[in-house]
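Peer 1: Next comes the structure file structure-v1.pdb, holding PDB, C-alpha atoms.
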ATOM      1  CA  GLU Y   1       1.100 -14.638   5.294
ATOM      2  CA  THR Y   2      -1.204 -11.778   6.286
ATOM      3  CA  GLY Y   3      -4.427 -13.754   6.439
ATOM      4  CA  VAL Y   4      -5.952 -11.513   3.773
ATOM      5  CA  THR Y   5      -7.204 -13.513   0.811
ATOM      6  CA  GLN Y   6      -8.202 -12.247  -2.599
ATOM      7  CA  SER Y   7      -9.882 -13.927  -5.545
ATOM      8  CA  PRO Y   8      -9.378 -14.494  -8.340
ATOM      9  CA  THR Y   9      -5.600 -14.193  -8.667
ATOM     10  CA  HIS Y  10      -5.728 -13.411 -12.364
ATOM     11  CA  LEU Y  11      -8.489 -12.207 -14.629
ATOM     12  CA  ILE Y  12      -8.755 -11.299 -18.301
ATOM     13  CA  LYS Y  13     -11.644  -9.148 -19.496
ATOM     14  CA  THR Y  14     -12.472  -7.154 -22.591
ATOM     15  CA  ARG Y  15     -13.189  -3.450 -22.780
ATOM     16  CA  GLY Y  16     -16.727  -2.558 -21.705
ATOM     17  CA  GLN Y  17     -17.223  -5.619 -19.507
ATOM     18  CA  GLN Y  18     -17.810  -5.615 -15.767
ATOM     19  CA  VAL Y  19     -15.692  -7.310 -13.106
ATOM     20  CA  THR Y  20     -16.067  -8.219  -9.433
ATOM     21  CA  LEU Y  21     -13.058  -8.806  -7.213
ATOM     22  CA  ARG Y  22     -13.322 -10.332  -3.746
ATOM     23  CA  CYS Y  23     -11.416  -9.982  -0.519
ATOM     24  CA  SER Y  24     -11.575 -11.657   2.879
ATOM     25  CA  SER Y  25     -10.015  -9.609   5.632
ATOM     26  CA  GLN Y  26      -7.694 -10.794   8.379
ATOM     27  CA  SER Y  27      -9.369 -12.144  11.484
ATOM     28  CA  GLY Y  28      -9.991  -9.343  13.977
ATOM     29  CA  HIS Y  29      -9.830  -6.586  11.382
ATOM     30  CA  ASN Y  30     -12.843  -4.360  10.687
ATOM     31  CA  THR Y  31     -11.733  -2.239   7.727
ATOM     32  CA  VAL Y  32     -10.957  -3.015   4.111
ATOM     33  CA  SER Y  33      -9.150  -0.706   1.702
ATOM     34  CA  TRP Y  34      -8.735  -1.208  -2.031
ATOM     35  CA  TYR Y  35      -5.761   0.000  -4.022
ATOM     36  CA  GLN Y  36      -4.906  -0.067  -7.728
ATOM     37  CA  GLN Y  37      -1.279  -0.575  -8.681
ATOM     38  CA  ALA Y  38      -0.274  -0.013 -12.280
ATOM     39  CA  LEU Y  39       3.016  -1.454 -13.508
ATOM     40  CA  GLY Y  40       5.959   0.503 -12.111
ATOM     41  CA  GLN Y  41       3.764   2.674  -9.892
ATOM     42  CA  GLY Y  42       2.873   2.766  -6.238
ATOM     43  CA  PRO Y  43      -0.556   1.638  -5.027
ATOM     44  CA  GLN Y  44      -3.276   4.247  -5.588
ATOM     45  CA  PHE Y  45      -6.080   4.461  -3.024
ATOM     46  CA  ILE Y  46      -9.510   3.611  -4.477
ATOM     47  CA  PHE Y  47     -11.738   3.513  -1.382
ATOM     48  CA  GLN Y  48     -12.082   2.149   2.118
ATOM     49  CA  TYR Y  49     -14.976   0.379   3.831
ATOM     50  CA  TYR Y  50     -15.680   0.445   7.551
ATOM     51  CA  ARG Y  51     -18.808  -0.951   9.177
ATOM     52  CA  GLU Y  52     -20.227  -1.752   5.744
ATOM     53  CA  GLU Y  53     -20.065   1.863   4.568
ATOM     54  CA  GLU Y  54     -17.660   3.702   2.312
ATOM     55  CA  ASN Y  55     -15.232   5.580   4.540
ATOM     56  CA  GLY Y  56     -13.151   7.602   2.118
ATOM     57  CA  ARG Y  57     -12.593   7.537  -1.610
ATOM     58  CA  GLY Y  58      -9.658   8.365  -3.854
ATOM     59  CA  ASN Y  59      -9.704   9.961  -7.286
ATOM     60  CA  PHE Y  60     -11.556   7.156  -9.084
ATOM     61  CA  PRO Y  61     -14.757   7.466 -11.162
ATOM     62  CA  PRO Y  62     -18.138   6.141  -9.958
ATOM     63  CA  ARG Y  63     -17.820   3.048 -12.146
ATOM     64  CA  PHE Y  64     -15.544   1.806  -9.361
ATOM     65  CA  SER Y  65     -17.821   0.697  -6.546
ATOM     66  CA  GLY Y  66     -17.637  -1.589  -3.570
ATOM     67  CA  LEU Y  67     -19.335  -3.400  -0.764
ATOM     68  CA  GLN Y  68     -18.428  -4.627   2.678
ATOM     69  CA  PHE Y  69     -20.336  -7.473   4.267
ATOM     70  CA  PRO Y  70     -21.147  -8.129   7.942
ATOM     71  CA  ASN Y  71     -18.197 -10.551   8.169
ATOM     72  CA  TYR Y  72     -15.937  -7.665   6.984
ATOM     73  CA  SER Y  73     -15.215  -9.270   3.613
ATOM     74  CA  SER Y  74     -15.455  -6.953   0.642
ATOM     75  CA  GLU Y  75     -16.022  -6.701  -3.089
ATOM     76  CA  LEU Y  76     -14.690  -4.276  -5.651
ATOM     77  CA  ASN Y  77     -16.816  -3.830  -8.760
ATOM     78  CA  VAL Y  78     -15.665  -2.097 -11.898
ATOM     79  CA  ASN Y  79     -18.152  -1.365 -14.675
ATOM     80  CA  ALA Y  80     -17.474  -0.438 -18.302
ATOM     81  CA  LEU Y  81     -13.878  -1.610 -18.182
ATOM     82  CA  GLU Y  82     -11.266   0.464 -19.955
ATOM     83  CA  LEU Y  83      -7.814  -0.548 -21.135
ATOM     84  CA  ASP Y  84      -6.238   1.661 -18.439
ATOM     85  CA  ASP Y  85      -7.969  -0.406 -15.763
ATOM     86  CA  SER Y  86      -5.379  -3.114 -16.360
ATOM     87  CA  ALA Y  87      -3.474  -3.293 -13.080
ATOM     88  CA  LEU Y  88      -2.861  -5.214  -9.879
ATOM     89  CA  TYR Y  89      -5.778  -4.678  -7.514
ATOM     90  CA  LEU Y  90      -4.802  -4.913  -3.885
ATOM     91  CA  CYS Y  91      -7.042  -5.391  -0.911
ATOM     92  CA  ALA Y  92      -5.716  -4.381   2.493
ATOM     93  CA  SER Y  93      -7.347  -5.068   5.819
ATOM     94  CA  SER Y  94      -6.756  -3.146   9.006
ATOM     95  CA  LEU Y  95      -8.133  -2.601  12.477
ATOM     96  CA  TYR Y  96      -9.531   0.882  12.794
ATOM     97  CA  ARG Y  97      -9.781   2.305  16.293
ATOM     98  CA  GLN Y  98     -10.246   5.953  17.145
ATOM     99  CA  GLY Y  99      -6.924   7.530  18.019
ATOM    100  CA  ALA Y 100      -4.884   4.430  17.223
ATOM    101  CA  ASN Y 101      -2.337   4.040  14.455
ATOM    102  CA  GLU Y 102      -3.729   1.974  11.621
ATOM    103  CA  LYS Y 103      -1.563  -0.518   9.707
ATOM    104  CA  LEU Y 104      -2.488  -2.029   6.361
ATOM    105  CA  PHE Y 105      -1.941  -5.704   5.612
ATOM    106  CA  PHE Y 106      -2.254  -6.667   1.980
ATOM    107  CA  GLY Y 107      -3.642  -9.688   0.232
ATOM    108  CA  SER Y 108      -1.805 -11.229  -2.704
ATOM    109  CA  GLY Y 109      -3.754  -9.158  -5.207
ATOM    110  CA  THR Y 110      -5.760  -9.719  -8.355
ATOM    111  CA  GLN Y 111      -4.009  -9.075 -11.655
ATOM    112  CA  LEU Y 112      -6.610  -7.699 -14.058
ATOM    113  CA  SER Y 113      -5.896  -7.483 -17.772
ATOM    114  CA  VAL Y 114      -8.331  -5.598 -20.000
ATOM    115  CA  LEU Y 115      -8.015  -6.349 -23.717
TER
ATOM    116  CA  GLN Z 116      -2.507  17.553  -3.221
ATOM    117  CA  LYS Z 117      -0.847  15.259  -0.725
ATOM    118  CA  GLU Z 118       2.197  13.516  -2.177
ATOM    119  CA  VAL Z 119       4.879  11.035  -1.258
ATOM    120  CA  GLU Z 120       8.099  11.252  -3.259
ATOM    121  CA  GLN Z 121      10.743   8.584  -3.720
ATOM    122  CA  ASN Z 122      13.653   8.144  -6.091
ATOM    123  CA  SER Z 123      12.620   5.325  -8.429
ATOM    124  CA  GLY Z 124      16.155   3.931  -8.659
ATOM    125  CA  PRO Z 125      17.437   1.376  -9.260
ATOM    126  CA  LEU Z 126      19.701   1.723  -6.251
ATOM    127  CA  SER Z 127      22.567  -0.756  -6.461
ATOM    128  CA  VAL Z 128      24.333  -1.705  -3.222
ATOM    129  CA  PRO Z 129      27.062  -4.311  -2.689
ATOM    130  CA  GLU Z 130      26.193  -7.284  -0.525
ATOM    131  CA  GLY Z 131      27.041  -6.577   3.105
ATOM    132  CA  ALA Z 132      26.869  -2.792   2.733
ATOM    133  CA  ILE Z 133      24.223  -0.398   4.092
ATOM    134  CA  ALA Z 134      21.325   0.455   1.794
ATOM    135  CA  SER Z 135      19.757   3.869   2.391
ATOM    136  CA  LEU Z 136      16.288   4.606   1.026
ATOM    137  CA  ASN Z 137      14.717   8.042   1.251
ATOM    138  CA  CYS Z 138      11.238   9.509   1.087
ATOM    139  CA  THR Z 139       9.729  12.978   1.398
ATOM    140  CA  TYR Z 140       6.101  13.897   1.939
ATOM    141  CA  SER Z 141       4.092  17.032   1.360
ATOM    142  CA  ASP Z 142       1.489  17.050   4.153
ATOM    143  CA  ARG Z 143       3.133  18.618   7.192
ATOM    144  CA  VAL Z 144       0.560  17.203   9.620
ATOM    145  CA  SER Z 145       1.099  13.580   8.576
ATOM    146  CA  GLN Z 146       1.233  11.313  11.584
ATOM    147  CA  SER Z 147       2.014   7.730  10.535
ATOM    148  CA  PHE Z 148       4.803   6.484   8.308
ATOM    149  CA  PHE Z 149       5.445   3.048   6.875
ATOM    150  CA  TRP Z 150       7.909   1.124   4.765
ATOM    151  CA  TYR Z 151       6.679  -1.771   2.651
ATOM    152  CA  ARG Z 152       8.778  -4.232   0.676
ATOM    153  CA  GLN Z 153       7.389  -5.559  -2.597
ATOM    154  CA  TYR Z 154       8.997  -8.375  -4.526
ATOM    155  CA  SER Z 155       8.334  -8.518  -8.255
ATOM    156  CA  GLY Z 156       4.883  -9.940  -8.933
ATOM    157  CA  LYS Z 157       3.965  -9.984  -5.227
ATOM    158  CA  SER Z 158       1.964  -7.721  -2.936
ATOM    159  CA  PRO Z 159       3.466  -5.183  -0.509
ATOM    160  CA  GLU Z 160       4.660  -6.489   2.858
ATOM    161  CA  LEU Z 161       4.860  -4.182   5.886
ATOM    162  CA  ILE Z 162       8.393  -4.119   7.295
ATOM    163  CA  MET Z 163       8.523  -0.974   9.446
ATOM    164  CA  SER Z 164       6.231   1.656  10.936
ATOM    165  CA  ILE Z 165       7.305   4.843  12.703
ATOM    166  CA  TYR Z 166       5.250   7.571  14.342
ATOM    167  CA  SER Z 167       7.688   9.791  16.292
ATOM    168  CA  ASN Z 168      10.783  11.735  15.339
ATOM    169  CA  GLY Z 169      14.021   9.813  15.598
ATOM    170  CA  ASP Z 170      15.145   6.297  14.853
ATOM    171  CA  LYS Z 171      13.371   2.973  15.206
ATOM    172  CA  GLU Z 172      15.359  -0.228  14.826
ATOM    173  CA  ASP Z 173      14.116  -3.722  14.029
ATOM    174  CA  GLY Z 174      16.815  -6.259  13.256
ATOM    175  CA  ARG Z 175      18.770  -5.110  10.208
ATOM    176  CA  PHE Z 176      16.228  -2.360   9.476
ATOM    177  CA  THR Z 177      16.228   1.175  10.892
ATOM    178  CA  ALA Z 178      13.548   3.727  10.074
ATOM    179  CA  GLN Z 179      14.344   7.389  10.602
ATOM    180  CA  LEU Z 180      11.767  10.174  10.798
ATOM    181  CA  ASN Z 181      12.292  13.931  10.704
ATOM    182  CA  LYS Z 182       8.921  15.674  10.722
ATOM    183  CA  ALA Z 183      10.443  19.164  10.554
ATOM    184  CA  SER Z 184      12.089  18.269   7.254
ATOM    185  CA  GLN Z 185       9.149  16.060   6.174
ATOM    186  CA  TYR Z 186      11.572  13.253   5.553
ATOM    187  CA  VAL Z 187      11.577   9.545   6.359
ATOM    188  CA  SER Z 188      14.263   7.033   5.520
ATOM    189  CA  LEU Z 189      14.985   3.319   5.771
ATOM    190  CA  LEU Z 190      18.427   1.884   6.390
ATOM    191  CA  ILE Z 191      19.151  -1.770   5.701
ATOM    192  CA  ARG Z 192      22.361  -3.004   7.307
ATOM    193  CA  ASP Z 193      24.351  -5.990   6.058
ATOM    194  CA  SER Z 194      22.381  -6.025   2.811
ATOM    195  CA  GLN Z 195      21.568  -9.453   1.416
ATOM    196  CA  PRO Z 196      20.570 -10.498  -2.117
ATOM    197  CA  SER Z 197      17.145 -11.356  -0.682
ATOM    198  CA  ASP Z 198      16.698  -7.639   0.105
ATOM    199  CA  SER Z 199      16.494  -6.930  -3.635
ATOM    200  CA  ALA Z 200      12.962  -5.599  -4.086
ATOM    201  CA  THR Z 201      10.974  -2.410  -4.485
ATOM    202  CA  TYR Z 202      10.580  -0.452  -1.261
ATOM    203  CA  LEU Z 203       7.414   1.605  -0.913
ATOM    204  CA  CYS Z 204       7.170   4.540   1.450
ATOM    205  CA  ALA Z 205       3.648   5.130   2.775
ATOM    206  CA  VAL Z 206       2.291   8.054   4.765
ATOM    207  CA  ARG Z 207      -0.955   8.642   6.581
ATOM    208  CA  PRO Z 208      -1.910  12.316   6.592
ATOM    209  CA  ARG Z 209      -3.986  13.444   9.573
ATOM    210  CA  ASP Z 210      -7.568  12.110   9.329
ATOM    211  CA  ASP Z 211      -6.918  10.732   5.877
ATOM    212  CA  LYS Z 212      -6.087   7.488   4.168
ATOM    213  CA  ILE Z 213      -2.637   5.978   3.692
ATOM    214  CA  ILE Z 214      -0.945   7.071   0.470
ATOM    215  CA  PHE Z 215       2.082   5.523  -1.201
ATOM    216  CA  GLY Z 216       5.086   6.685  -3.107
ATOM    217  CA  LYS Z 217       6.044   5.079  -6.404
ATOM    218  CA  GLY Z 218       8.742   3.001  -4.737
ATOM    219  CA  THR Z 219      12.510   2.647  -5.010
ATOM    220  CA  ARG Z 220      13.960  -0.419  -6.698
ATOM    221  CA  LEU Z 221      16.843  -1.821  -4.670
ATOM    222  CA  HIS Z 222      19.364  -4.221  -6.198
ATOM    223  CA  ILE Z 223      21.878  -5.934  -3.921
ATOM    224  CA  LEU Z 224      24.982  -6.927  -5.857
ATOM    225  CA  PRO Z 225      26.422 -10.345  -4.826
TER
END
Would you mind giving the structure from this file in structure tokens?

Peer 2:
Amino acid sequence: ETGVTQSPTHLIKTRGQQVTLRCSSQSGHNTVSWYQQALGQGPQFIFQYYREEENGRGNFPPRFSGLQFPNYSSELNVNALELDDSALYLCASSLYRQGANEKLFFGSGTQLSVL
Amino acid sequence: QKEVEQNSGPLSVPEGAIASLNCTYSDRVSQSFFWYRQYSGKSPELIMSIYSNGDKEDGRFTAQLNKASQYVSLLIRDSQPSDSATYLCAVRPRDDKIIFGKGTRLHILP
């Protein structure tokens, strides 16, 4: 167990709807990263949050947005859902320190199905 | 574009043999390298990290890094059926976020 928790575990939505996924980071960690993993693919970086601000973003459209709260937990919001958004959404927490090697620890993920 | 390449497999290895998983990366100044294991329907689990050229051993696992060749590998000795999973190679380019390969499916034959 990594101590990273995600909710919900499974979610079914229809095209055009909006969804919010939640993540609680591991105790002592200050950074949360979100990844999207389609079936048979590796995780794709969506964005990272550090000190409640976006700290890097992958090649995802603006309808993917996020938040980080003072307790380091985080939300991923996706608006105007498309069929291709169906995937496993992974939250990873880490401890970011300048000059140190950062390791990601993943939660169990949220499986999103868009119909 | 920064990339991490892995053979998708499946790689079939007899129980008790050595499984060898390979990964190449495109960004020459990458500085951190990781191997994650992912069982079907589960999330990735960190099993090894390596930052310097050479070998790093942890139990039955050995990670090997060759920055000149932009190559990182994972050896699993005495392979067990429980090692059957997808193995993801991950790389952190300098001052950038960790990126993943597509993974190699490993099947240990009893």

Peer 1: Going by the chain IDs and residue numbers used in this file, which residues fall under the PyMOL selection byres ((chain Z and resi 134-142) around 10)? Write them as a PyMOL selection string.

Peer 2: chain Z and resi 116-122+124+126-133+143-146+148+150+176-182+184-195+198+202-209+214-216+218-223

Peer 1: Kindly determine which residues of chain Y lie within 6 Å of chain Z, considering only C-alpha atoms, and give the answer as a list in words.

Peer 2: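 Within 6 Å of chain Z on chain Y, we get Gln41, Gly42 and Ser108 of chain Y.
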
Peer 1: Could you list the residues chosen by the PyMOL selection byres ((chain Y and resi 15) around 7) in this structure as a ChimeraX atom specification?

Peer 2: /Y:13-14,16-17,80-83,114-115

Peer 1: Return the single residue from Y:Ala92, Y:Ala87, Y:Leu21, Y:Ile46 that is closest to Pro61 of chain Y, with distances computed using all atoms listed in the file.

Peer 2: Y:Ile46

Peer 1: How big is the axis-aligned box, and where does its centre sit, when it encloses all atoms of segment 151-167 of chain Z listed in the file and has 4 Å added on every side, reported in Å to one decimal as lines of an AutoDock Vina configuration file?

Peer 2:
center_x = 5.5
center_y = -0.1
center_z = 3.7
size_x = 15.0
size_y = 27.8
size_z = 33.2

Peer 1: Could you jot down the atom CA of Phe106 of chain Y to atom CA of Phe64 of chain Y separation for me, Å, one decimal place?

Peer 2: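 Answer for the atom CA of Phe106 of chain Y to atom CA of Phe64 of chain Y separation: 19.4 Å.
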
Peer 1: Any chance you could resolve the PyMOL selection byres ((chain Y and resi 65) around 10) against this file and give the residues as a list in words?

Peer 2: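 Matching residues under the PyMOL selection byres ((chain Y and resi 65) around 10) are Thr20, Ile46, Phe47, Glu54, Arg57, Phe60, Pro61, Pro62, Arg63, Phe64, Gly66, Leu67, Glu75, Leu76, Asn77, Val78 and Asn79 of chain Y.
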
Peer 1: One number please: atom CA of Leu224 of chain Z to atom CA of Glu172 of chain Z, in Å, one decimal.

Peer 2: 23.8 Å

Peer 1: How many Å separate atom CA of Asp173 of chain Z from atom CA of Gln6 of chain Y?

Peer 2: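 Computing it gives 29.1 Å between the two atoms.
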
Peer 1: Name all residues at most 10 Å from Phe105 of chain Y (count all atoms listed in the file; drop same-chain ones fewer than 5 positions away) and give them as a short mmCIF file (atom, residue, chain, number, x, y, z; two decimals) with C-alpha atoms, keeping the file's coordinate frame.

Peer 2:
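Listed below is the output, selection07.cif:
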data_model
loop_
_atom_site.label_atom_id
_atom_site.label_comp_id
_atom_site.auth_asym_id
_atom_site.auth_seq_id
_atom_site.Cartn_x
_atom_site.Cartn_y
_atom_site.Cartn_z
CA GLU Y 1 1.10 -14.64 5.29
CA THR Y 2 -1.20 -11.78 6.29
CA GLY Y 3 -4.43 -13.75 6.44
CA VAL Y 4 -5.95 -11.51 3.77
CA SER Y 25 -10.02 -9.61 5.63
CA GLN Y 26 -7.69 -10.79 8.38
CA HIS Y 29 -9.83 -6.59 11.38
CA VAL Y 32 -10.96 -3.02 4.11
CA SER Y 33 -9.15 -0.71 1.70
CA LEU Y 90 -4.80 -4.91 -3.88
CA CYS Y 91 -7.04 -5.39 -0.91
CA ALA Y 92 -5.72 -4.38 2.49
CA SER Y 93 -7.35 -5.07 5.82
CA SER Y 94 -6.76 -3.15 9.01
CA LEU Y 95 -8.13 -2.60 12.48
CA TYR Z 151 6.68 -1.77 2.65
CA SER Z 158 1.96 -7.72 -2.94
CA PRO Z 159 3.47 -5.18 -0.51
CA GLU Z 160 4.66 -6.49 2.86
CA LEU Z 161 4.86 -4.18 5.89
#

Peer 1: Near segment 68-73 of chain Y, counting all atoms listed in the file, which residues have an atom at most 8 Å away, once you skip same-chain residues fewer than 5 positions from it, shown as a ChimeraX atom specification?

Peer 2: /Y:22-25,29-32,49-53

Peer 1: Env of Phe45 of chain Y: 7 Å cut, atoms = all atoms listed in the file, seq-sep filter 5 positions within chain, self excluded. Answer as a list in words.

Peer 2: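 Neighbouring residues, sequence-local ones excluded: Trp34, Tyr35, Gln36 and Gly58 of chain Y; Ile214 of chain Z.
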